[in-house]
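J.: Quick one: the structure is below, and I'll ask about it shortly.
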Amino acid sequence: MEVFKPANAAQLKDALAWSAAEGQTLAVRGLGTKTGLGRPMAAARVLDTSALKGGIDYQPEELVLTCAAATPLRDILLLLEQRAQMLAFEPPDLAPLYGHEPGTGTLAGALAANLGGPRRVKMGAARDHFLGFSAVSGRGEAFKAGGKVVKNVTGYDLPKLMAGSMGTLAVFDTVTVKVMPAPAKSRTVLAFGLEPAAAVAVLADALNSPWEVSGAAYLPAATAARSGVDLARGAGGSVTAIRVEGTAVSVAARCEALRKALPASAGQEELHTMRSRKLWEEIRDVRALLPDGSALWRVSLAATQSSALVAALPECAYFFDWGGGLVWLAMDEAAVPARAGVLRAAMGEGHATLIRAAEATRARVPVFEPMLPGVAALTRGVKAQFDPRGILNPGRMYEGV
Amino acid sequence: MLAMPPPDRAILDRRAAIVDALRAIVPGDGVIDSEIGRRPYECDGLNIYRALPMVVVLPSTVEQVAAVLAYCHAEGIKVVPRGAGTGLSGGALPLEDGVLLGMAKFNKVLEIDYANRCARVQPGVTNLGITNAVAHAGFYYAPDPSSQIACTIGGNVAENSGGVHCLKYGLTTNNVLGVELVTMDGRIVRLGGKHMDSGGYDLLGIVVGSEGLLGVVTEVTVRILRKPQTARGALVGFPTVEDGGNCVAQIIAEGIIPGGIEMMDKPAIHAAEAFAKAGYPLDAESLLIVELDGPQAEVDELIAAVGRIAKENNATSLRISESEEERVRFWAGRKSAFPAVGRISPDYVCMDGTVPRKKLAEVLTRMNELSAKHGLRVANVFHAGDGNLHPLILFDANKEGELAAAEALGADILRLCVDVGGVLTGEHGVGVEKRDLMPAMFDATDLAHQQRLKCAFDPQGLLNPGKVFPQLHRCAEMGKMHVQRGSVPFPELPRF
């Protein structure tokens, strides 16, 4: 298949202008780590944006960073680390889930998929840190939106629209994100042996405490046994994990308060910086904690609904993040068509994404949550405005979108 | 002077029939057609612009909202939604040939769900009303615009309102989980909910901050947070604006994100002190209020660090609050800055730009030059943590030409903000106030892409027209692709 590989913004525009004029479809790809995410596409060409990298304008004191869209995320994170800053939405590295080397995704990819890690509960998702961009729409026209300052309400918040649109509306040329100071210390309180519903209640208490919890996860026994962190792996039962971050004095005081609030019956432990970071990396990146080769769901739902969801699917390995508001669930590939409906019914209000499955499965089962008619009409309307000929990632999210 | 879309004679001629039709949808006192009854709705917080709406409708159910919009959609009647009318950019400025749709009767807290850390409320509940509903359990709603006692959450959603705590806790958009929305054709949709990530296109994300142009919000699900264990403030005076700016930069560079950092310049300090007697240092060229909130151990540690950083940046006065009473007193002057300025000038307009913080001193210097050029005084208060400026332009509307001079100075100040890499509005919205300045920040293609979003929600352009965008375009015209097959050469770019 022919691959367009624009070397700069002008070439990106040329490629899209021609494709729009000719009605030629494009599969948009950065470094290609997420090509396995979404519905299978039949595009005429590949648009490879990987040459649009670098051009980093990092202003630590302004808390903003602008760069070419396909700049590797790893490069950005290293740069931020040197100034003790971070992307607060804690982008997961899902590359290994799809068989790629760790750390090979791009910043634009993290934004286009709107991926947020465990800190989502405190600091928000990628969308909440996406300040501005320049891009070329499916009309073949270059445009920009948002700004390069942390507070801006000028015009519609198009960065929000682009976050999570999976390259179906426009192709980024540059992106601007908000950065934040990285906490000096990370500590995690562990409680052992809780059942899912009880764990969600404990996590809710922690998240509802004044201790500024920045991670709240539950690993059932089988999942905890897969962890590379000794205190989790050797727990011999479920692990409920509560993270706090900040200065040394602060994290020590908060951990002590959180431990006092745990149920007396539960055994407890505490992870300090290195092991705490390791555990939350596992939770963030998912792969180590769930069986290889299985189909994988990412379910965003009301936290109180999560224990009912896993009870309805007793055959599945899983864990909870976001205090139960996010369920990662592994399912036997062959069972997906039959069990997807059970999952979506048990979830209640929410969004289930079939984040990894064989292509044939993703062609059969809705990868993204099916939309109600009103939302579907608006979604199709927005797509038609930005990409009237449907040239960008056709059908990757929904039929006709 | 501001130009609004010319009233449609044909609509005005049908006014009596339109009022009757609306009364059939919203019975009782929900339709106001007398002049005296409509007069209170003629402006919002930007009261230099006024227009008497054709008719005011105050629905009380989502079905009524849907029926009103469906009727107006079918009849080609324009609609302007309104919350509490506290907005500062004229987003709720009525149209003489339009229905003013007031959402004040939607004033109920529907559900508080602590286990999922959210509350479901109607759009007419005030911002502070949400906090009051959950305060007994130790919770609050984080965004806190200055008007929080009066402004409603529906208006906050429309404007993506901020407040003094944005840098740490985000704007409205970061604290809203879901809405129920009625589009102009009368269709009711729900976006988001109690879950955190909604997937699909983030329609919720674009509805927040859409200034009433995409739909009418009839229900909002907001995140609620546990109140911080404690808060402490530092009140610091500096000999120059630059020192104050450097102090803010160093606080953030050292990894401290305060709950709030407010700065005031000398004219604002003097006005506020005369009004509130908060004990502000009158010799300072700039004053900082730094507030840290969170766990006690952390706040005590970091407030000491802030004190050290202040001294390293030439602070001429420094007080750190030792009690809640003292902390609140630090804020007394800042919180009354607007009425304080109102006392020293017959009229004022409050501007709202954001600049990169390092440009603060340069912007103030150039602002002083502009102030001299237009012959009007300016007092400045800033949300210094995020570079959000609120220059208050003082004028007297009864003096010939002063309103026009104030408008011209305001426009110059906002162009200056864009010029140094900032934006036209940090939290007040574009509305009518900054509408004609949009081309300073966005070119025609940028604006067209924004307006196409509007086309997906309201193709006839009936909902709040004349706001945000300097020119109205017909959606059919904008939707055209001006290319023909074969007219664009095959691109010269690397291929494989």
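The way I read the labels, and the way they are meant: chains A, B, ... in the order of the structure tokens, residue 1 as the first residue of every chain, and ligand 1 as the first ligand shown, with later ones counted on from there.
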Run DSSP on the backbone of this structure and report the residues of stretch 63-112 of chain A it assigns to strand (DSSP E or B), as a ChimeraX atom specification.
T.: /A:64-68,72,85-86,106
J.: List as number ranges by chain the protein and nucleic acid residues near stretch 295-305 of chain B, meaning an atom at most 9 Å away when only C-alpha atoms are counted, but skip any in the same chain fewer than 6 places from it.
T.: A: 210-212, 246-251, 253-254; B: 228-234, 251, 256, 320
J.: Residues of chain B within 6 Å of chain A, counting only C-alpha atoms, what are they? List them as a compact mmCIF listing (two decimals) with C-alpha atoms, in the first residue's frame.
T.:
# COMPACT_ATOMS: atom_id res chain seq x y z
CA ALA B 115 -19.71 7.28 46.60
CA ASN B 116 -19.14 8.44 43.02
CA VAL B 189 -29.35 14.36 24.40
CA LYS B 194 -21.14 9.71 36.42
CA HIS B 195 -18.29 7.95 34.64
CA ASP B 197 -14.18 8.96 30.33
CA SER B 198 -17.03 9.00 27.84
CA TYR B 201 -16.22 12.47 20.24
CA ASP B 202 -15.94 14.63 23.34
CA GLY B 205 -15.94 19.04 26.06
CA ILE B 206 -17.11 21.33 23.28
CA SER B 210 -19.67 27.12 23.80
CA ARG B 226 -13.40 16.95 49.68
CA PRO B 228 -8.84 20.66 51.89
CA GLN B 229 -7.81 20.04 55.47
CA ALA B 249 7.67 32.07 38.48
CA ALA B 253 9.59 26.45 39.20
CA GLY B 255 7.21 22.68 42.07
CA ALA B 297 1.78 19.05 57.12
CA GLU B 298 2.25 19.97 53.47
CA THR B 425 -10.10 35.66 27.11
CA GLY B 426 -9.05 33.44 29.97
CA GLU B 427 -12.40 32.90 31.65
CA GLY B 429 -15.80 34.26 27.21
CA THR B 445 -9.86 29.19 8.16
CA ASP B 446 -9.51 28.77 11.93
CA ARG B 452 -18.60 24.41 11.17
CA ALA B 456 -23.32 20.37 13.21
CA VAL B 483 -12.14 21.61 -5.03
CA GLN B 484 -12.88 19.48 -8.04
CA ARG B 485 -11.45 16.11 -8.81
CA VAL B 488 -5.23 19.61 -7.06
CA PRO B 491 1.42 16.13 -3.90
CA LEU B 493 6.09 14.53 -0.90
CA PRO B 494 8.01 11.46 0.26
CA ARG B 495 6.19 8.27 -0.70
CA PHE B 496 6.91 4.63 -0.11
J.: Using DSSP on the backbone, list every residue of stretch 245-484 of chain B that comes out as helix (DSSP H, G or I), and give them as a ChimeraX atom specification.
T.: /B:245-253,266-276,296-312,324-335,337-344,357-374,384-386,402-419,435-441,444-457,475-479
J.: Between A:Pro220, A:Ala206, A:Asp173, A:Asp230, single out the one closest to A:Lys260, counting only C-alpha atoms.
T.: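 Ranked by minimum distance to A:Lys260, first place goes to A:Ala206.
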J.: When you look at B:Glu159 with a cut-off of 7 Å (counting only C-alpha atoms), what residues show up, excluding the ones that are within fewer than 4 positions of it in the same chain? I need them as a PyMOL selection string.
T.: chain B and resi 155+208-211+428-429
J.: List as a short mmCIF file (atom, residue, chain, number, x, y, z; two decimals) with N, CA, C and O atoms, in the first residue's frame the protein and nucleic acid residues near A:Val365, meaning an atom at most 12 Å away when only C-alpha atoms are counted, but skip any in the same chain fewer than 6 places from it.
T.:
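Resulting contents of part.cif:
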data_model
loop_
_atom_site.label_atom_id
_atom_site.label_comp_id
_atom_site.auth_asym_id
_atom_site.auth_seq_id
_atom_site.Cartn_x
_atom_site.Cartn_y
_atom_site.Cartn_z
N GLY A 38 -9.20 0.15 17.54
CA GLY A 38 -10.27 0.68 16.71
C GLY A 38 -10.82 -0.37 15.77
O GLY A 38 -10.35 -1.51 15.74
N ARG A 39 -11.84 0.01 15.02
CA ARG A 39 -12.42 -0.92 14.05
C ARG A 39 -11.44 -1.08 12.88
O ARG A 39 -10.72 -0.15 12.55
N PRO A 40 -11.44 -2.24 12.23
CA PRO A 40 -10.57 -2.41 11.07
C PRO A 40 -10.98 -1.43 9.97
O PRO A 40 -12.16 -1.13 9.81
N ALA A 295 -8.45 -11.06 24.71
CA ALA A 295 -9.05 -9.78 24.32
C ALA A 295 -9.15 -8.91 25.57
O ALA A 295 -9.31 -9.41 26.68
N TRP A 297 -10.70 -5.35 27.49
CA TRP A 297 -11.68 -4.26 27.55
C TRP A 297 -11.21 -3.20 28.53
O TRP A 297 -10.64 -3.51 29.58
N GLU A 333 -10.76 -14.52 23.70
CA GLU A 333 -11.08 -13.94 22.39
C GLU A 333 -12.37 -14.52 21.78
O GLU A 333 -13.23 -13.78 21.29
N ALA A 334 -12.52 -15.84 21.88
CA ALA A 334 -13.67 -16.50 21.26
C ALA A 334 -14.99 -16.11 21.93
O ALA A 334 -16.06 -16.18 21.32
N ALA A 335 -14.90 -15.67 23.18
CA ALA A 335 -16.11 -15.37 23.94
C ALA A 335 -16.62 -13.94 23.70
O ALA A 335 -17.73 -13.59 24.09
N VAL A 336 -15.79 -13.10 23.06
CA VAL A 336 -16.12 -11.68 22.97
C VAL A 336 -17.48 -11.42 22.32
O VAL A 336 -18.30 -10.68 22.89
N PRO A 337 -17.78 -12.01 21.14
CA PRO A 337 -19.07 -11.68 20.52
C PRO A 337 -20.26 -12.01 21.43
O PRO A 337 -21.22 -11.24 21.50
N ALA A 338 -20.17 -13.12 22.15
CA ALA A 338 -21.29 -13.52 23.00
C ALA A 338 -21.35 -12.73 24.30
O ALA A 338 -22.43 -12.46 24.82
N ARG A 339 -20.19 -12.35 24.84
CA ARG A 339 -20.16 -11.73 26.17
C ARG A 339 -20.15 -10.20 26.14
O ARG A 339 -20.33 -9.56 27.18
N ALA A 340 -19.91 -9.60 24.96
CA ALA A 340 -19.86 -8.13 24.88
C ALA A 340 -21.17 -7.51 25.37
O ALA A 340 -21.17 -6.51 26.10
N GLY A 341 -22.28 -8.13 24.99
CA GLY A 341 -23.58 -7.59 25.39
C GLY A 341 -23.79 -7.69 26.89
O GLY A 341 -24.34 -6.77 27.51
N ARG A 344 -21.74 -4.92 28.45
CA ARG A 344 -22.30 -3.57 28.27
C ARG A 344 -23.58 -3.38 29.07
O ARG A 344 -23.88 -2.26 29.51
N ALA A 352 -17.58 1.27 27.29
CA ALA A 352 -16.70 0.11 27.20
C ALA A 352 -15.99 0.13 25.86
O ALA A 352 -16.63 0.24 24.81
N THR A 353 -14.66 0.07 25.90
CA THR A 353 -13.87 0.03 24.67
C THR A 353 -13.18 -1.33 24.59
O THR A 353 -12.50 -1.74 25.54
N LEU A 354 -13.35 -1.98 23.45
CA LEU A 354 -12.64 -3.23 23.20
C LEU A 354 -11.24 -2.83 22.75
O LEU A 354 -10.99 -2.61 21.57
N ILE A 355 -10.34 -2.72 23.71
CA ILE A 355 -9.09 -2.02 23.42
C ILE A 355 -8.11 -2.90 22.65
O ILE A 355 -7.30 -2.41 21.89
N ARG A 356 -8.23 -4.21 22.84
CA ARG A 356 -7.38 -5.11 22.06
C ARG A 356 -8.17 -6.38 21.73
O ARG A 356 -8.74 -6.99 22.64
N ALA A 357 -8.20 -6.73 20.46
CA ALA A 357 -8.81 -7.98 20.04
C ALA A 357 -8.36 -8.25 18.61
O ALA A 357 -7.87 -7.34 17.93
N ALA A 358 -8.54 -9.49 18.17
CA ALA A 358 -8.18 -9.82 16.79
C ALA A 358 -9.03 -8.98 15.83
O ALA A 358 -10.14 -8.57 16.16
N GLU A 359 -8.49 -8.76 14.64
CA GLU A 359 -9.17 -7.90 13.68
C GLU A 359 -10.59 -8.41 13.38
O GLU A 359 -11.54 -7.62 13.31
N MET A 397 -13.79 4.53 14.30
CA MET A 397 -14.53 4.60 15.56
C MET A 397 -15.93 4.00 15.44
O MET A 397 -16.36 3.21 16.26
N TYR A 398 -16.63 4.43 14.41
CA TYR A 398 -18.00 3.96 14.19
C TYR A 398 -18.21 3.82 12.70
O TYR A 398 -17.52 4.47 11.91
N GLU A 399 -19.15 3.01 12.31
CA GLU A 399 -19.54 2.90 10.91
C GLU A 399 -19.85 4.29 10.36
O GLU A 399 -20.63 5.03 10.95
#
J.: As an exercise, work out the distance from atom CA of A:Asp332 to atom CA of A:Ala288 in Å and give it to one decimal place.
T.: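 Rounded to one decimal, the two atoms are 16.9 Å apart.
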J.: Could you give me, as a list in words, the residues within 8 Å of B:Val418, counting only C-alpha atoms and dropping anything in the same chain fewer than 3 positions from it?
T.: Val355, Leu414, Arg415, Gly421, Gly422, Val423, Leu424, Ala440 and Met441 of chain B
J.: Write the residues you've just listed into a file as a PDB file, in the first residue's frame, and include C-alpha atoms for each of them.
T.:
ATOM      1  CA  VAL B 355      -0.520  36.250  28.756  1.00  0.00           C
ATOM      2  CA  LEU B 414      -6.520  42.474  24.327  1.00  0.00           C
ATOM      3  CA  ARG B 415      -4.596  42.838  21.071  1.00  0.00           C
ATOM      4  CA  GLY B 421       1.649  35.124  22.811  1.00  0.00           C
ATOM      5  CA  GLY B 422      -1.476  35.155  24.950  1.00  0.00           C
ATOM      6  CA  VAL B 423      -5.197  34.952  24.249  1.00  0.00           C
ATOM      7  CA  LEU B 424      -8.262  37.219  24.200  1.00  0.00           C
ATOM      8  CA  ALA B 440      -6.519  39.062  15.997  1.00  0.00           C
ATOM      9  CA  MET B 441      -6.084  35.490  17.197  1.00  0.00           C
TER      10      MET B 441
END
J.: Could you check how far atom CA of A:Ser214 sits from atom CA of A:Ile242, in Å to one decimal?
T.: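 About the pair atom CA of A:Ser214 and atom CA of A:Ile242: they are 7.7 Å apart.
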J.: Hey, which of A:Met86, A:Ala311, A:Leu279, A:Ala69 ends up closest to A:Ala110? Count only C-alpha atoms.
T.: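 Closest to A:Ala110, using only C-alpha atoms: A:Ala69.
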